[in-house]
Amino acid sequence: MSYQSTLTSEVDIMARLFKKEVVKLKKFPYIDKKAIKAFLDRLKQDRTITDKENPEDHFCSFFVPVCLPTKEIFVGHHIKANEWIPPGGHIEKNEMPKDTVYREFYEELKYKLNDEPLKLFDIGITFIKSAHPCKVHRDFWHYVLMAEKLKYKYDAGEFYKAEWLPIDTAIKRSYRQEIITHLINLKRILKSKLLKKHAL
Ligand SMILES: [Zn+2]
């Protein structure tokens with residue numbers, strides 16, 4: 001097998017695995033069907049995942065830490081994005097979206113996840129207008145259920161400030177409709193029986 005064909009098959013495998021993750025979301029009633037289609041079309045036309053492979057259009061993972069007893073969420077005023085968003089980052093080579101959450105949780109919040117329930121609940125697209133090469137981010141949204149409100153030593157190079165907030169306060173601080181929609185979807189989950197199932 002040539003080097004080139006080995007590379008191609010690796011890309012194909014990752015694209016197929018990502019497609020599976022996206023398809024799993026179809027069962028949720030709140031899911032934006034257009035986002036599902038956009039993700040699947042993108043993975044069909046261009047099977048690259050990372051910013052190294054495609055500097056303009058690539059995949060990212062967000063994660064919302066949720067304090068299970070209070071239902072507060074941890075968000076931060078992100079320096080580069082200049083908006084209140086949950087932590088997250090670019091998906092790297094050979095990572096599944098959840099692997100990125102495990103890595104970034106430690107990098108950004110200095111906390112090593114163990115067996116906390118971690119769930120993919122939504123996807124969305126962010127169009128970025130800046131001089132930065134990133135133009136389109138395809139975001140996987142997760143929540144992580146935490147037993148208590150830990151004081152994370154968040155990365156001060158990444159966030160002006162980051163804190164635990166009631167979800168309605170976090171929604172009020174968001175100005176982008178996409179972020180608001182993801183948080184409203186999360187709010188619904190936090191109130192639903194689904195959460196109980198995930199928390200077990
Ligand atoms: Zn990017």
# chains A, B, ... in the order shown; residues from 1 in each chain; ligands from 1

call {"tool": "closest_atom_pairs", "arguments": {"of": "chain A", "to": "ligand 1", "cutoff": "7 Å", "atoms": "only C-alpha atoms and all ligand atoms", "output": "tab-separated table"}}
result
residue	atom	partner	partner_atom_place_in_ligand_line	distance
A:Asp51	CA	ligand 1	1 (Zn)	5.9
A:Pro55	CA	ligand 1	1 (Zn)	6.8
A:Glu56	CA	ligand 1	1 (Zn)	6.9
A:His58	CA	ligand 1	1 (Zn)	6.3
A:His90	CA	ligand 1	1 (Zn)	6.1
A:Cys134	CA	ligand 1	1 (Zn)	4.2
A:His137	CA	ligand 1	1 (Zn)	5.9

call {"tool": "select_by_dssp", "arguments": {"residues": "chain A", "states": "alpha helix (DSSP H)", "output": "PyMOL selection string"}}
result
chain A and resi 3-24+33-45+97-109+167-173+177-191+193-199

call {"tool": "closest_atom_pairs", "arguments": {"of": "stretch 104-161 of chain A", "to": "stretch 18-41 of chain A", "cutoff": "12 Å", "atoms": "only C-alpha atoms", "output": "CSV"}}
result
residue,atom,partner,partner_atom,distance
A:Lys119,CA,A:Leu25,CA,10.8
A:Leu120,CA,A:Leu25,CA,8.0
A:Phe121,CA,A:Leu25,CA,6.9
A:Asp122,CA,A:Ile31,CA,6.7
A:Ile123,CA,A:Ala35,CA,6.8
A:Gly124,CA,A:Ala35,CA,6.1
A:Ile125,CA,A:Ala35,CA,7.4
A:Thr126,CA,A:Ala35,CA,11.1
A:Val136,CA,A:Phe39,CA,11.6
A:His137,CA,A:Phe39,CA,10.7
A:Arg138,CA,A:Phe39,CA,7.5
A:Asp139,CA,A:Phe39,CA,9.6
A:Phe140,CA,A:Val22,CA,8.7
A:Trp141,CA,A:Leu25,CA,10.8
A:His142,CA,A:Leu25,CA,11.5

call {"tool": "residues_around", "arguments": {"residues": "A:Phe74", "least_positions_apart": "6", "cutoff": "8 Å", "atoms": "only C-alpha atoms", "output": "PyMOL selection string"}}
result
chain A and resi 64-66+86+162-165

call {"tool": "residues_around", "arguments": {"residues": "stretch 114-116 of chain A", "least_positions_apart": "4", "cutoff": "8 Å", "atoms": "only C-alpha atoms", "output": "VMD selection string"}}
result
chain A and resid 144 to 146

call {"tool": "closest_residue", "arguments": {"among": "A:Arg42, A:Arg176, A:Arg103, A:Lys187", "to": "A:Asn82", "atoms": "only C-alpha atoms"}}
result
A:Arg176

call {"tool": "closest_residue", "arguments": {"among": "A:Arg173, A:Asp168, A:Ile128, A:Ala147", "to": "A:Asn185", "atoms": "only C-alpha atoms"}}
result
A:Asp168
